[in-house]
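Shown next, in structure tokens, is the structure this report addresses.
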Amino acid sequence: MRAFTFKGGIHPREMKELSNQCPITAAFPSSKTVTIPVTMGGAPNTPLVQVGDLVAKGQVIANGDKFMNCPVHSSVSGKVKKIAKCLVTGNSEVPCIIIEADDENRTAFMEPLDPFTCEHDAALARIRDAGIVGMGGASFPAHVKLNPPEDKEIEYVLVNAAECEPYLTCDERTMQESPEKLIDGLAIILHLVGAAGIIALEDNKAFIKPILEEEIAKKGYGDDMTVRLVKTKYPQGSEKFIVSACLGVEIPSAKLPADAGCIISNVGTVCAISDAFRLGMPLIERSLTISGGAVEKPCNLRVPVGTLVSDLMPEFFTLKENQTCKVVSGGPMMGFAMISADFPIAKGTSGVTFLTEKETYLDDEDQCISCGGCVHVCPMRLNPVLMIRELKAANTKKAKRYGLMDCIECGSCAFVCPAHIRLVQRIRLGKSIVRTQMAEERSKAAAAQAAANATGGAK
């Protein structure tokens, strides 16, 4: 079986063996309280509930009226305890709705809907009403992704089953435990967009291929879906490289997969779409991996959205004494280092890794020796060393010319850097500076236009 891949990339230790034999176990926060961010992908939402309100599991608690809004639902039955800013992934504080669960288990699910007989608009509305976003980390609203502009002809839907981040195994377990849900969700998407389906699987998980192919054959989807092996290499799971490996097509700079005739969805997202139609259940729970050298027994859990990571200890996992050096929301390559484990699991949280001193590097940076290693491994074919030099000189315009905004922040450059330069952190900071500058320029242009209009009106 041939495995496809892309140019560049790295081969970090996979560390999948820590948790890939652990079935997904249902878990509930010990505090019986969830902290649900008001917005988890899409345009900013507004809370629809107040402190003291009783809510049902699956009830919409935050929403907006824009096309890019994606509703947020209560993941438990209980009472709204507080609405306040709380720490979330990325170490920022955002508005959250804190709900204390009761024992009544009231539900407010939608009625099941047949995806193959309902109207196209009704199917898109169901996906939006279920609050489904990309569960691989980006949290882009699924109803927007599955409704591309009319001038974009979609030929393929790719299921990103690579799971290339070290340590993370929740997608791997989902495909083994619920292949029927994955295939059903993919069939729904294919019916919706009128395309063929490809499940892209890294070859370190080749044993899952016959499991999925058996389910495809059983459902009679053999003409519509295939399972394709891609090489085990990081960052194979990035959308640009999944497309490159599976279709041999390159997504141009500043363009989207739809510009290359395809749509990409994560394993969890596809399964959530099946649940939304078959069960009427919105996206109120998700699977994730708890792993890392500091964890006594790494595991895969299914938890209500809004569960604080710290509320899963010690009932569902424990940490080795004095071993935790870094807490990362996500995997060690593209995840965010957190100041503590007191942050909620959101729709896009695929894992939490607790790293030991041996698994990370916390010493000061050394001087760049211009070895070119970062250039060699960059899958985007950029020049990280030159970008960093320009950012240090506060020359963002030149850094942009070297491809600053095209960087996918995969961390391959930092992984091979012998000077241990925090390349990704510096690039993220540079991007934020550029975005601030662009926002200021747009604001000035709008103000100038408004002034010109006012002057013209006065005349």
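Numbering starts fresh at 1 for the residues of each chain in the structure tokens, the chains themselves are lettered A, B, ... in the order given, and ligands are numbered from 1 as they appear.
Look at Asn383 in chain A: the protein and nucleic acid residues within 8 Å of it, using only C-alpha atoms and passing over chain neighbours fewer than 2 places away, are Cys374, Val375, Cys378, Arg381, Val385, Leu386, Met387, Tyr402 and Gly403 of chain A.
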**OP:** Name the residues in contact with Leu362 in chain A at a cut-off of 12 Å, using only C-alpha atoms, excluding same-chain residues fewer than 2 positions from it; report them as a list of chain:residue names.
**Re:**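 Counting only the stated atoms, we get A:Cys325, A:Lys326, A:Ala337, A:Leu355, A:Thr356, A:Glu357, A:Lys358, A:Glu359, A:Thr360, A:Asp364, A:Glu365, A:Asp366, A:His420, A:Ile421, A:Arg422.
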Could you write out the selected residues, including N, CA, C and O atoms, as a tab-separated table (two decimals), in the first residue's frame?
```
chain	number	residue	atom	x	y	z
A	325	CYS	N	6.36	19.77	34.29
A	325	CYS	CA	7.18	20.95	33.97
A	325	CYS	C	6.39	21.93	33.10
A	325	CYS	O	6.61	23.13	33.17
A	326	LYS	N	5.50	21.40	32.29
A	326	LYS	CA	4.72	22.26	31.40
A	326	LYS	C	3.35	21.61	31.14
A	326	LYS	O	3.26	20.40	30.92
A	337	ALA	N	1.04	26.47	25.78
A	337	ALA	CA	1.46	26.27	27.16
A	337	ALA	C	0.55	27.08	28.08
A	337	ALA	O	0.31	28.27	27.83
A	355	LEU	N	3.90	17.69	30.43
A	355	LEU	CA	5.25	17.33	30.04
A	355	LEU	C	6.23	17.42	31.21
A	355	LEU	O	6.12	18.31	32.06
A	356	THR	N	7.19	16.51	31.22
A	356	THR	CA	8.26	16.55	32.21
A	356	THR	C	9.41	17.41	31.70
A	356	THR	O	9.41	17.86	30.55
A	357	GLU	N	10.40	17.63	32.56
A	357	GLU	CA	11.55	18.44	32.17
A	357	GLU	C	12.28	17.82	30.99
A	357	GLU	O	12.81	18.54	30.12
A	358	LYS	N	12.32	16.49	30.90
A	358	LYS	CA	13.01	15.81	29.81
A	358	LYS	C	12.26	15.94	28.49
A	358	LYS	O	12.85	15.76	27.43
A	359	GLU	N	10.98	16.24	28.56
A	359	GLU	CA	10.16	16.30	27.35
A	359	GLU	C	10.03	17.71	26.78
A	359	GLU	O	9.37	17.91	25.76
A	360	THR	N	10.64	18.66	27.42
A	360	THR	CA	10.53	20.04	26.94
A	360	THR	C	11.87	20.75	27.15
A	360	THR	O	12.83	20.17	27.64
A	364	ASP	N	17.29	29.32	28.38
A	364	ASP	CA	17.34	30.51	27.54
A	364	ASP	C	17.77	30.16	26.11
A	364	ASP	O	18.43	29.16	25.87
A	365	GLU	N	17.37	31.03	25.19
A	365	GLU	CA	17.78	30.87	23.79
A	365	GLU	C	19.28	31.12	23.64
A	365	GLU	O	19.87	31.92	24.37
A	366	ASP	N	19.89	30.42	22.68
A	366	ASP	CA	21.28	30.69	22.31
A	366	ASP	C	21.28	31.55	21.04
A	366	ASP	O	20.24	31.84	20.45
A	420	HIS	N	17.72	26.51	20.10
A	420	HIS	CA	16.48	26.50	20.89
A	420	HIS	C	15.78	27.86	20.89
A	420	HIS	O	15.23	28.29	21.90
A	421	ILE	N	15.80	28.52	19.74
A	421	ILE	CA	15.11	29.80	19.59
A	421	ILE	C	13.61	29.56	19.55
A	421	ILE	O	13.14	28.64	18.87
A	422	ARG	N	12.85	30.35	20.29
A	422	ARG	CA	11.38	30.21	20.33
A	422	ARG	C	10.79	30.78	19.04
A	422	ARG	O	10.15	31.83	19.01
```
Original post:
With only C-alpha atoms as the basis for distance, which of A:Asp224, A:Glu390, A:Glu163, A:Glu315 is at the shortest distance from Leu288 in chain A?
Top reply: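 The shortest atom-to-atom distance to Leu288 in chain A comes from A:Glu163.
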**OP:** Mind giving me the straight-line distance from CA of Leu301 in chain A to CA of Ala26 in chain A in Å, one decimal?
**Re:**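 These two atoms are separated by 5.8 Å.
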Original post:
Could you pull out the strand (DSSP E or B) residues of range 3-143 of chain A from DSSP and send them as an MDAnalysis selection string?
Top reply: chainID A and resid 4 10 24:26 33:37 43 46:47 54:55 57 60:63 69 72:73 78:88 92:101 107 133 141
Write the residues of the preceding selection, restricted to N, CA and C atoms, as a tab-separated table (two decimals), in the first residue's frame.
```tsv
chain	number	residue	atom	x	y	z
A	4	PHE	N	1.26	8.41	0.70
A	4	PHE	CA	1.55	9.69	0.06
A	4	PHE	C	2.02	10.70	1.11
A	10	ILE	N	9.05	16.91	9.74
A	10	ILE	CA	9.96	16.29	10.70
A	10	ILE	C	9.37	14.99	11.22
A	24	ILE	N	-11.95	5.05	24.95
A	24	ILE	CA	-12.50	6.34	25.36
A	24	ILE	C	-13.49	6.10	26.51
A	25	THR	N	-13.24	6.77	27.64
A	25	THR	CA	-14.05	6.60	28.84
A	25	THR	C	-14.85	7.86	29.12
A	26	ALA	N	-16.13	7.70	29.45
A	26	ALA	CA	-16.95	8.85	29.80
A	26	ALA	C	-16.50	9.41	31.14
A	33	THR	N	-19.54	21.18	37.85
A	33	THR	CA	-19.67	22.53	37.27
A	33	THR	C	-18.92	22.60	35.96
A	34	VAL	N	-19.51	23.25	34.97
A	34	VAL	CA	-18.83	23.46	33.69
A	34	VAL	C	-18.67	24.95	33.45
A	35	THR	N	-17.58	25.32	32.80
A	35	THR	CA	-17.28	26.71	32.45
A	35	THR	C	-17.24	26.80	30.93
A	36	ILE	N	-18.33	27.28	30.34
A	36	ILE	CA	-18.50	27.21	28.89
A	36	ILE	C	-18.22	28.58	28.26
A	37	PRO	N	-17.17	28.70	27.44
A	37	PRO	CA	-16.92	29.97	26.74
A	37	PRO	C	-18.12	30.37	25.88
A	43	ALA	N	-18.23	34.13	14.70
A	43	ALA	CA	-18.40	35.50	15.19
A	43	ALA	C	-18.74	35.48	16.68
A	46	THR	N	-23.53	36.33	22.01
A	46	THR	CA	-24.08	37.04	23.16
A	46	THR	C	-24.79	36.05	24.06
A	47	PRO	N	-24.57	36.08	25.37
A	47	PRO	CA	-25.28	35.15	26.26
A	47	PRO	C	-26.79	35.33	26.15
A	54	LEU	N	-32.47	28.23	35.11
A	54	LEU	CA	-32.33	26.79	34.97
A	54	LEU	C	-32.17	26.47	33.49
A	55	VAL	N	-31.22	25.62	33.15
A	55	VAL	CA	-30.99	25.25	31.75
A	55	VAL	C	-31.00	23.74	31.61
A	57	LYS	N	-29.74	20.27	29.35
A	57	LYS	CA	-28.62	19.77	28.55
A	57	LYS	C	-28.99	19.88	27.07
A	60	VAL	N	-29.63	26.06	23.95
A	60	VAL	CA	-28.79	27.16	23.46
A	60	VAL	C	-28.64	28.20	24.56
A	61	ILE	N	-27.41	28.55	24.92
A	61	ILE	CA	-27.16	29.53	25.97
A	61	ILE	C	-26.43	30.77	25.46
A	62	ALA	N	-25.93	30.72	24.21
A	62	ALA	CA	-25.27	31.89	23.62
A	62	ALA	C	-25.36	31.77	22.11
A	63	ASN	N	-25.59	32.91	21.44
A	63	ASN	CA	-25.75	32.87	19.99
A	63	ASN	C	-25.65	34.29	19.45
A	69	ASN	N	-21.92	33.32	13.06
A	69	ASN	CA	-22.17	32.91	14.44
A	69	ASN	C	-22.41	31.41	14.53
A	72	VAL	N	-23.79	28.19	21.08
A	72	VAL	CA	-23.18	27.41	22.16
A	72	VAL	C	-24.31	26.89	23.04
A	73	HIS	N	-24.18	25.63	23.43
A	73	HIS	CA	-25.22	24.96	24.21
A	73	HIS	C	-24.73	24.57	25.59
A	78	GLY	N	-28.73	22.06	34.66
A	78	GLY	CA	-28.42	22.70	35.93
A	78	GLY	C	-28.81	24.15	35.98
A	79	LYS	N	-28.12	24.92	36.84
A	79	LYS	CA	-28.43	26.33	37.06
A	79	LYS	C	-27.21	27.18	36.71
A	80	VAL	N	-27.50	28.32	36.05
A	80	VAL	CA	-26.42	29.25	35.72
A	80	VAL	C	-25.93	29.91	37.02
A	81	LYS	N	-24.69	29.65	37.34
A	81	LYS	CA	-24.11	30.12	38.59
A	81	LYS	C	-23.47	31.49	38.45
A	82	LYS	N	-22.83	31.73	37.30
A	82	LYS	CA	-22.10	32.98	37.09
A	82	LYS	C	-21.84	33.18	35.61
A	83	ILE	N	-21.74	34.42	35.19
A	83	ILE	CA	-21.27	34.77	33.84
A	83	ILE	C	-20.10	35.74	34.05
A	84	ALA	N	-18.90	35.27	33.73
A	84	ALA	CA	-17.72	36.07	34.03
A	84	ALA	C	-16.59	35.69	33.09
A	85	LYS	N	-15.55	36.52	33.07
A	85	LYS	CA	-14.37	36.22	32.26
A	85	LYS	C	-13.52	35.18	32.98
A	86	CYS	N	-13.11	34.14	32.22
A	86	CYS	CA	-12.32	33.05	32.79
A	86	CYS	C	-11.15	32.72	31.88
A	87	LEU	N	-10.14	32.09	32.44
A	87	LEU	CA	-8.97	31.67	31.68
A	87	LEU	C	-9.33	30.56	30.70
A	88	VAL	N	-8.89	30.69	29.45
A	88	VAL	CA	-9.12	29.67	28.44
A	88	VAL	C	-7.81	29.37	27.71
A	92	SER	N	-5.76	33.62	27.63
A	92	SER	CA	-6.56	34.84	27.62
A	92	SER	C	-7.80	34.61	28.49
A	93	GLU	N	-8.45	35.69	28.87
A	93	GLU	CA	-9.68	35.59	29.64
A	93	GLU	C	-10.84	36.05	28.77
A	94	VAL	N	-11.85	35.19	28.64
A	94	VAL	CA	-12.99	35.48	27.78
A	94	VAL	C	-14.28	35.25	28.57
A	95	PRO	N	-15.39	35.84	28.13
A	95	PRO	CA	-16.67	35.62	28.82
A	95	PRO	C	-17.07	34.14	28.79
A	96	CYS	N	-17.43	33.62	29.95
A	96	CYS	CA	-17.85	32.23	30.09
A	96	CYS	C	-19.12	32.15	30.91
A	97	ILE	N	-19.92	31.13	30.63
A	97	ILE	CA	-21.14	30.86	31.39
A	97	ILE	C	-20.85	29.65	32.27
A	98	ILE	N	-20.92	29.87	33.58
A	98	ILE	CA	-20.60	28.81	34.55
A	98	ILE	C	-21.90	28.20	35.04
A	99	ILE	N	-22.05	26.90	34.83
A	99	ILE	CA	-23.30	26.19	35.15
A	99	ILE	C	-23.01	25.08	36.15
A	100	GLU	N	-23.79	25.05	37.21
A	100	GLU	CA	-23.69	23.99	38.20
A	100	GLU	C	-24.73	22.92	37.88
A	101	ALA	N	-24.28	21.69	37.66
A	101	ALA	CA	-25.18	20.61	37.25
A	101	ALA	C	-26.07	20.17	38.39
A	107	THR	N	-33.14	17.47	29.17
A	107	THR	CA	-32.51	17.62	27.86
A	107	THR	C	-33.35	18.52	26.96
A	133	VAL	N	-18.44	22.95	15.00
A	133	VAL	CA	-17.26	23.65	14.48
A	133	VAL	C	-16.15	22.62	14.27
A	141	PRO	N	-16.67	27.38	11.87
A	141	PRO	CA	-18.05	26.89	11.81
A	141	PRO	C	-18.28	25.93	10.63
```
Could you give me, as a PDB file with all heavy atoms, in the first residue's frame, the residues within 12 Å of Ser178 in chain A, counting only C-alpha atoms and dropping anything in the same chain fewer than 3 positions from it?
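Wrote selection_9.pdb, looks like this:
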```
ATOM      1  N   PRO A  23      -9.309   2.686  25.743  1.00  0.00           N
ATOM      2  CA  PRO A  23     -10.628   3.039  25.199  1.00  0.00           C
ATOM      3  C   PRO A  23     -11.092   4.397  25.708  1.00  0.00           C
ATOM      4  O   PRO A  23     -10.660   4.862  26.777  1.00  0.00           O
ATOM      5  CB  PRO A  23     -11.537   1.921  25.727  1.00  0.00           C
ATOM      6  CG  PRO A  23     -10.617   0.806  26.099  1.00  0.00           C
ATOM      7  CD  PRO A  23      -9.349   1.457  26.542  1.00  0.00           C
ATOM      8  N   ILE A  24     -11.951   5.047  24.951  1.00  0.00           N
ATOM      9  CA  ILE A  24     -12.504   6.336  25.364  1.00  0.00           C
ATOM     10  C   ILE A  24     -13.487   6.101  26.513  1.00  0.00           C
ATOM     11  O   ILE A  24     -14.434   5.329  26.388  1.00  0.00           O
ATOM     12  CB  ILE A  24     -13.204   7.037  24.191  1.00  0.00           C
ATOM     13  CG1 ILE A  24     -12.198   7.322  23.070  1.00  0.00           C
ATOM     14  CG2 ILE A  24     -13.864   8.330  24.653  1.00  0.00           C
ATOM     15  CD1 ILE A  24     -12.826   7.850  21.796  1.00  0.00           C
ATOM     16  N   CYS A 170      -7.044  10.425  20.447  1.00  0.00           N
ATOM     17  CA  CYS A 170      -8.502  10.333  20.571  1.00  0.00           C
ATOM     18  C   CYS A 170      -9.167  10.049  19.220  1.00  0.00           C
ATOM     19  O   CYS A 170     -10.164   9.317  19.161  1.00  0.00           O
ATOM     20  CB  CYS A 170      -9.079  11.583  21.214  1.00  0.00           C
ATOM     21  SG  CYS A 170      -8.768  13.122  20.338  1.00  0.00           S
ATOM     22  N   ASP A 171      -8.630  10.593  18.119  1.00  0.00           N
ATOM     23  CA  ASP A 171      -9.199  10.289  16.801  1.00  0.00           C
ATOM     24  C   ASP A 171      -8.961   8.827  16.432  1.00  0.00           C
ATOM     25  O   ASP A 171      -9.834   8.166  15.853  1.00  0.00           O
ATOM     26  CB  ASP A 171      -8.586  11.193  15.732  1.00  0.00           C
ATOM     27  CG  ASP A 171      -9.127  12.620  15.788  1.00  0.00           C
ATOM     28  OD1 ASP A 171     -10.073  12.862  16.560  1.00  0.00           O
ATOM     29  OD2 ASP A 171      -8.590  13.488  15.067  1.00  0.00           O
ATOM     30  N   GLU A 172      -7.778   8.334  16.759  1.00  0.00           N
ATOM     31  CA  GLU A 172      -7.457   6.929  16.495  1.00  0.00           C
ATOM     32  C   GLU A 172      -8.441   6.016  17.216  1.00  0.00           C
ATOM     33  O   GLU A 172      -8.958   5.054  16.634  1.00  0.00           O
ATOM     34  CB  GLU A 172      -6.033   6.634  16.945  1.00  0.00           C
ATOM     35  CG  GLU A 172      -5.596   5.186  16.769  1.00  0.00           C
ATOM     36  CD  GLU A 172      -4.160   4.950  17.205  1.00  0.00           C
ATOM     37  OE1 GLU A 172      -3.382   5.925  17.249  1.00  0.00           O
ATOM     38  OE2 GLU A 172      -3.821   3.795  17.502  1.00  0.00           O
ATOM     39  N   ARG A 173      -8.728   6.299  18.472  1.00  0.00           N
ATOM     40  CA  ARG A 173      -9.667   5.482  19.232  1.00  0.00           C
ATOM     41  C   ARG A 173     -11.087   5.631  18.691  1.00  0.00           C
ATOM     42  O   ARG A 173     -11.840   4.653  18.615  1.00  0.00           O
ATOM     43  CB  ARG A 173      -9.628   5.868  20.707  1.00  0.00           C
ATOM     44  CG  ARG A 173      -8.361   5.539  21.457  1.00  0.00           C
ATOM     45  CD  ARG A 173      -7.977   4.077  21.369  1.00  0.00           C
ATOM     46  NE  ARG A 173      -9.092   3.169  21.690  1.00  0.00           N
ATOM     47  CZ  ARG A 173      -8.985   1.846  21.687  1.00  0.00           C
ATOM     48  NH1 ARG A 173      -7.830   1.270  21.380  1.00  0.00           N
ATOM     49  NH2 ARG A 173     -10.009   1.102  21.985  1.00  0.00           N
ATOM     50  N   THR A 174     -11.466   6.838  18.284  1.00  0.00           N
ATOM     51  CA  THR A 174     -12.811   7.066  17.742  1.00  0.00           C
ATOM     52  C   THR A 174     -13.039   6.223  16.493  1.00  0.00           C
ATOM     53  O   THR A 174     -14.105   5.616  16.322  1.00  0.00           O
ATOM     54  CB  THR A 174     -13.014   8.556  17.413  1.00  0.00           C
ATOM     55  OG1 THR A 174     -12.937   9.319  18.624  1.00  0.00           O
ATOM     56  CG2 THR A 174     -14.366   8.796  16.755  1.00  0.00           C
ATOM     57  N   MET A 175     -12.040   6.165  15.620  1.00  0.00           N
ATOM     58  CA  MET A 175     -12.191   5.382  14.385  1.00  0.00           C
ATOM     59  C   MET A 175     -12.310   3.894  14.670  1.00  0.00           C
ATOM     60  O   MET A 175     -13.001   3.167  13.943  1.00  0.00           O
ATOM     61  CB  MET A 175     -11.015   5.666  13.450  1.00  0.00           C
ATOM     62  CG  MET A 175     -11.050   7.044  12.835  1.00  0.00           C
ATOM     63  SD  MET A 175      -9.743   7.318  11.604  1.00  0.00           S
ATOM     64  CE  MET A 175      -8.319   7.549  12.671  1.00  0.00           C
ATOM     65  N   LYS A 181     -20.219   5.631  12.867  1.00  0.00           N
ATOM     66  CA  LYS A 181     -20.589   7.038  13.017  1.00  0.00           C
ATOM     67  C   LYS A 181     -19.764   7.905  12.065  1.00  0.00           C
ATOM     68  O   LYS A 181     -20.285   8.853  11.458  1.00  0.00           O
ATOM     69  CB  LYS A 181     -20.385   7.472  14.466  1.00  0.00           C
ATOM     70  CG  LYS A 181     -20.946   8.850  14.788  1.00  0.00           C
ATOM     71  CD  LYS A 181     -20.771   9.193  16.257  1.00  0.00           C
ATOM     72  CE  LYS A 181     -21.639   8.324  17.145  1.00  0.00           C
ATOM     73  NZ  LYS A 181     -21.599   8.799  18.558  1.00  0.00           N
ATOM     74  N   LEU A 182     -18.478   7.598  11.922  1.00  0.00           N
ATOM     75  CA  LEU A 182     -17.621   8.347  11.009  1.00  0.00           C
ATOM     76  C   LEU A 182     -18.097   8.210   9.570  1.00  0.00           C
ATOM     77  O   LEU A 182     -18.213   9.209   8.847  1.00  0.00           O
ATOM     78  CB  LEU A 182     -16.176   7.864  11.124  1.00  0.00           C
ATOM     79  CG  LEU A 182     -15.165   8.502  10.164  1.00  0.00           C
ATOM     80  CD1 LEU A 182     -14.977   9.980  10.476  1.00  0.00           C
ATOM     81  CD2 LEU A 182     -13.826   7.779  10.215  1.00  0.00           C
ATOM     82  N   ILE A 183     -18.402   6.997   9.158  1.00  0.00           N
ATOM     83  CA  ILE A 183     -18.835   6.769   7.775  1.00  0.00           C
ATOM     84  C   ILE A 183     -20.202   7.408   7.522  1.00  0.00           C
ATOM     85  O   ILE A 183     -20.451   7.981   6.453  1.00  0.00           O
ATOM     86  CB  ILE A 183     -18.873   5.258   7.468  1.00  0.00           C
ATOM     87  CG1 ILE A 183     -17.479   4.640   7.649  1.00  0.00           C
ATOM     88  CG2 ILE A 183     -19.385   5.010   6.054  1.00  0.00           C
ATOM     89  CD1 ILE A 183     -16.369   5.343   6.903  1.00  0.00           C
ATOM     90  N   ASP A 184     -21.085   7.349   8.506  1.00  0.00           N
ATOM     91  CA  ASP A 184     -22.402   7.980   8.358  1.00  0.00           C
ATOM     92  C   ASP A 184     -22.257   9.490   8.233  1.00  0.00           C
ATOM     93  O   ASP A 184     -22.884  10.116   7.367  1.00  0.00           O
ATOM     94  CB  ASP A 184     -23.282   7.628   9.558  1.00  0.00           C
ATOM     95  CG  ASP A 184     -24.689   8.214   9.434  1.00  0.00           C
ATOM     96  OD1 ASP A 184     -25.353   7.948   8.423  1.00  0.00           O
ATOM     97  OD2 ASP A 184     -25.105   8.960  10.342  1.00  0.00           O
ATOM     98  N   GLY A 185     -21.421  10.099   9.089  1.00  0.00           N
ATOM     99  CA  GLY A 185     -21.220  11.540   9.013  1.00  0.00           C
ATOM    100  C   GLY A 185     -20.617  11.960   7.688  1.00  0.00           C
ATOM    101  O   GLY A 185     -21.016  12.977   7.105  1.00  0.00           O
ATOM    102  N   ILE A 208      -6.207   0.431  10.924  1.00  0.00           N
ATOM    103  CA  ILE A 208      -7.587   0.937  10.948  1.00  0.00           C
ATOM    104  C   ILE A 208      -8.206   0.927   9.553  1.00  0.00           C
ATOM    105  O   ILE A 208      -9.428   0.901   9.404  1.00  0.00           O
ATOM    106  CB  ILE A 208      -7.620   2.357  11.560  1.00  0.00           C
ATOM    107  CG1 ILE A 208      -7.118   2.321  13.002  1.00  0.00           C
ATOM    108  CG2 ILE A 208      -9.015   2.959  11.523  1.00  0.00           C
ATOM    109  CD1 ILE A 208      -7.058   3.681  13.671  1.00  0.00           C
ATOM    110  N   ILE A 211     -10.786  -1.704   8.893  1.00  0.00           N
ATOM    111  CA  ILE A 211     -11.975  -1.475   9.717  1.00  0.00           C
ATOM    112  C   ILE A 211     -12.908  -0.496   9.020  1.00  0.00           C
ATOM    113  O   ILE A 211     -14.126  -0.722   8.924  1.00  0.00           O
ATOM    114  CB  ILE A 211     -11.579  -0.934  11.114  1.00  0.00           C
ATOM    115  CG1 ILE A 211     -10.719  -1.950  11.867  1.00  0.00           C
ATOM    116  CG2 ILE A 211     -12.821  -0.565  11.925  1.00  0.00           C
ATOM    117  CD1 ILE A 211     -10.169  -1.425  13.183  1.00  0.00           C
ATOM    118  N   LEU A 212     -12.338   0.587   8.511  1.00  0.00           N
ATOM    119  CA  LEU A 212     -13.137   1.595   7.820  1.00  0.00           C
ATOM    120  C   LEU A 212     -13.643   1.076   6.481  1.00  0.00           C
ATOM    121  O   LEU A 212     -14.801   1.322   6.103  1.00  0.00           O
ATOM    122  CB  LEU A 212     -12.308   2.870   7.621  1.00  0.00           C
ATOM    123  CG  LEU A 212     -11.817   3.568   8.894  1.00  0.00           C
ATOM    124  CD1 LEU A 212     -10.966   4.790   8.530  1.00  0.00           C
ATOM    125  CD2 LEU A 212     -12.977   3.984   9.775  1.00  0.00           C
ATOM    126  N   GLU A 215     -16.651  -1.097   6.921  1.00  0.00           N
ATOM    127  CA  GLU A 215     -17.860  -0.316   7.196  1.00  0.00           C
ATOM    128  C   GLU A 215     -18.365   0.368   5.925  1.00  0.00           C
ATOM    129  O   GLU A 215     -19.572   0.439   5.687  1.00  0.00           O
ATOM    130  CB  GLU A 215     -17.560   0.723   8.277  1.00  0.00           C
ATOM    131  CG  GLU A 215     -18.775   1.462   8.792  1.00  0.00           C
ATOM    132  CD  GLU A 215     -19.772   0.569   9.515  1.00  0.00           C
ATOM    133  OE1 GLU A 215     -19.337  -0.438  10.114  1.00  0.00           O
ATOM    134  OE2 GLU A 215     -20.974   0.882   9.473  1.00  0.00           O
ATOM    135  N   VAL A 267     -12.026  14.176  12.171  1.00  0.00           N
ATOM    136  CA  VAL A 267     -12.781  12.977  12.547  1.00  0.00           C
ATOM    137  C   VAL A 267     -13.902  13.317  13.526  1.00  0.00           C
ATOM    138  O   VAL A 267     -15.052  12.898  13.353  1.00  0.00           O
ATOM    139  CB  VAL A 267     -11.834  11.920  13.170  1.00  0.00           C
ATOM    140  CG1 VAL A 267     -12.625  10.800  13.840  1.00  0.00           C
ATOM    141  CG2 VAL A 267     -10.910  11.342  12.110  1.00  0.00           C
ATOM    142  N   GLY A 268     -13.590  14.082  14.570  1.00  0.00           N
ATOM    143  CA  GLY A 268     -14.590  14.433  15.566  1.00  0.00           C
ATOM    144  C   GLY A 268     -15.727  15.245  14.977  1.00  0.00           C
ATOM    145  O   GLY A 268     -16.901  15.043  15.327  1.00  0.00           O
ATOM    146  N   VAL A 270     -16.859  15.201  11.868  1.00  0.00           N
ATOM    147  CA  VAL A 270     -17.697  14.327  11.031  1.00  0.00           C
ATOM    148  C   VAL A 270     -18.634  13.498  11.906  1.00  0.00           C
ATOM    149  O   VAL A 270     -19.827  13.348  11.598  1.00  0.00           O
ATOM    150  CB  VAL A 270     -16.812  13.425  10.148  1.00  0.00           C
ATOM    151  CG1 VAL A 270     -17.669  12.449   9.357  1.00  0.00           C
ATOM    152  CG2 VAL A 270     -15.970  14.269   9.201  1.00  0.00           C
ATOM    153  N   CYS A 271     -18.129  12.976  13.018  1.00  0.00           N
ATOM    154  CA  CYS A 271     -18.967  12.189  13.929  1.00  0.00           C
ATOM    155  C   CYS A 271     -20.037  13.060  14.576  1.00  0.00           C
ATOM    156  O   CYS A 271     -21.174  12.614  14.774  1.00  0.00           O
ATOM    157  CB  CYS A 271     -18.109  11.528  14.998  1.00  0.00           C
ATOM    158  SG  CYS A 271     -17.034  10.211  14.384  1.00  0.00           S
ATOM    159  N   ALA A 272     -19.697  14.314  14.905  1.00  0.00           N
ATOM    160  CA  ALA A 272     -20.665  15.229  15.512  1.00  0.00           C
ATOM    161  C   ALA A 272     -21.811  15.535  14.555  1.00  0.00           C
ATOM    162  O   ALA A 272     -22.958  15.709  14.976  1.00  0.00           O
ATOM    163  CB  ALA A 272     -19.965  16.516  15.939  1.00  0.00           C
ATOM    164  N   SER A 274     -23.039  13.435  12.344  1.00  0.00           N
ATOM    165  CA  SER A 274     -23.912  12.263  12.422  1.00  0.00           C
ATOM    166  C   SER A 274     -24.822  12.357  13.641  1.00  0.00           C
ATOM    167  O   SER A 274     -26.033  12.130  13.554  1.00  0.00           O
ATOM    168  CB  SER A 274     -23.078  10.983  12.475  1.00  0.00           C
ATOM    169  OG  SER A 274     -23.898   9.843  12.674  1.00  0.00           O
ATOM    170  N   ASP A 275     -24.266  12.702  14.794  1.00  0.00           N
ATOM    171  CA  ASP A 275     -25.058  12.823  16.030  1.00  0.00           C
ATOM    172  C   ASP A 275     -26.129  13.898  15.906  1.00  0.00           C
ATOM    173  O   ASP A 275     -27.243  13.742  16.426  1.00  0.00           O
ATOM    174  CB  ASP A 275     -24.148  13.161  17.211  1.00  0.00           C
ATOM    175  CG  ASP A 275     -23.348  11.959  17.694  1.00  0.00           C
ATOM    176  OD1 ASP A 275     -23.754  10.817  17.401  1.00  0.00           O
ATOM    177  OD2 ASP A 275     -22.309  12.172  18.361  1.00  0.00           O
TER     178      ASP A 275
END
```
**OP:** Identify, on the basis of only C-alpha atoms, every residue whose closest approach to range 404-410 of chain A does not exceed 12 Å; exclude the query and any residue fewer than 6 positions from it along the same chain; express the result as number ranges by chain.
**Re:** A: 8-10, 138, 164-165, 234-241, 251-256, 331-336, 374, 377-391, 395-398, 422-435
**OP:** Compile the contact shell of Glu155 in chain A as an NGL selection string: residues with an atom at most 8 Å away, counting only C-alpha atoms, same-chain residues fewer than 4 positions apart removed.
**Re:** :A and (194-196 or 261-262)
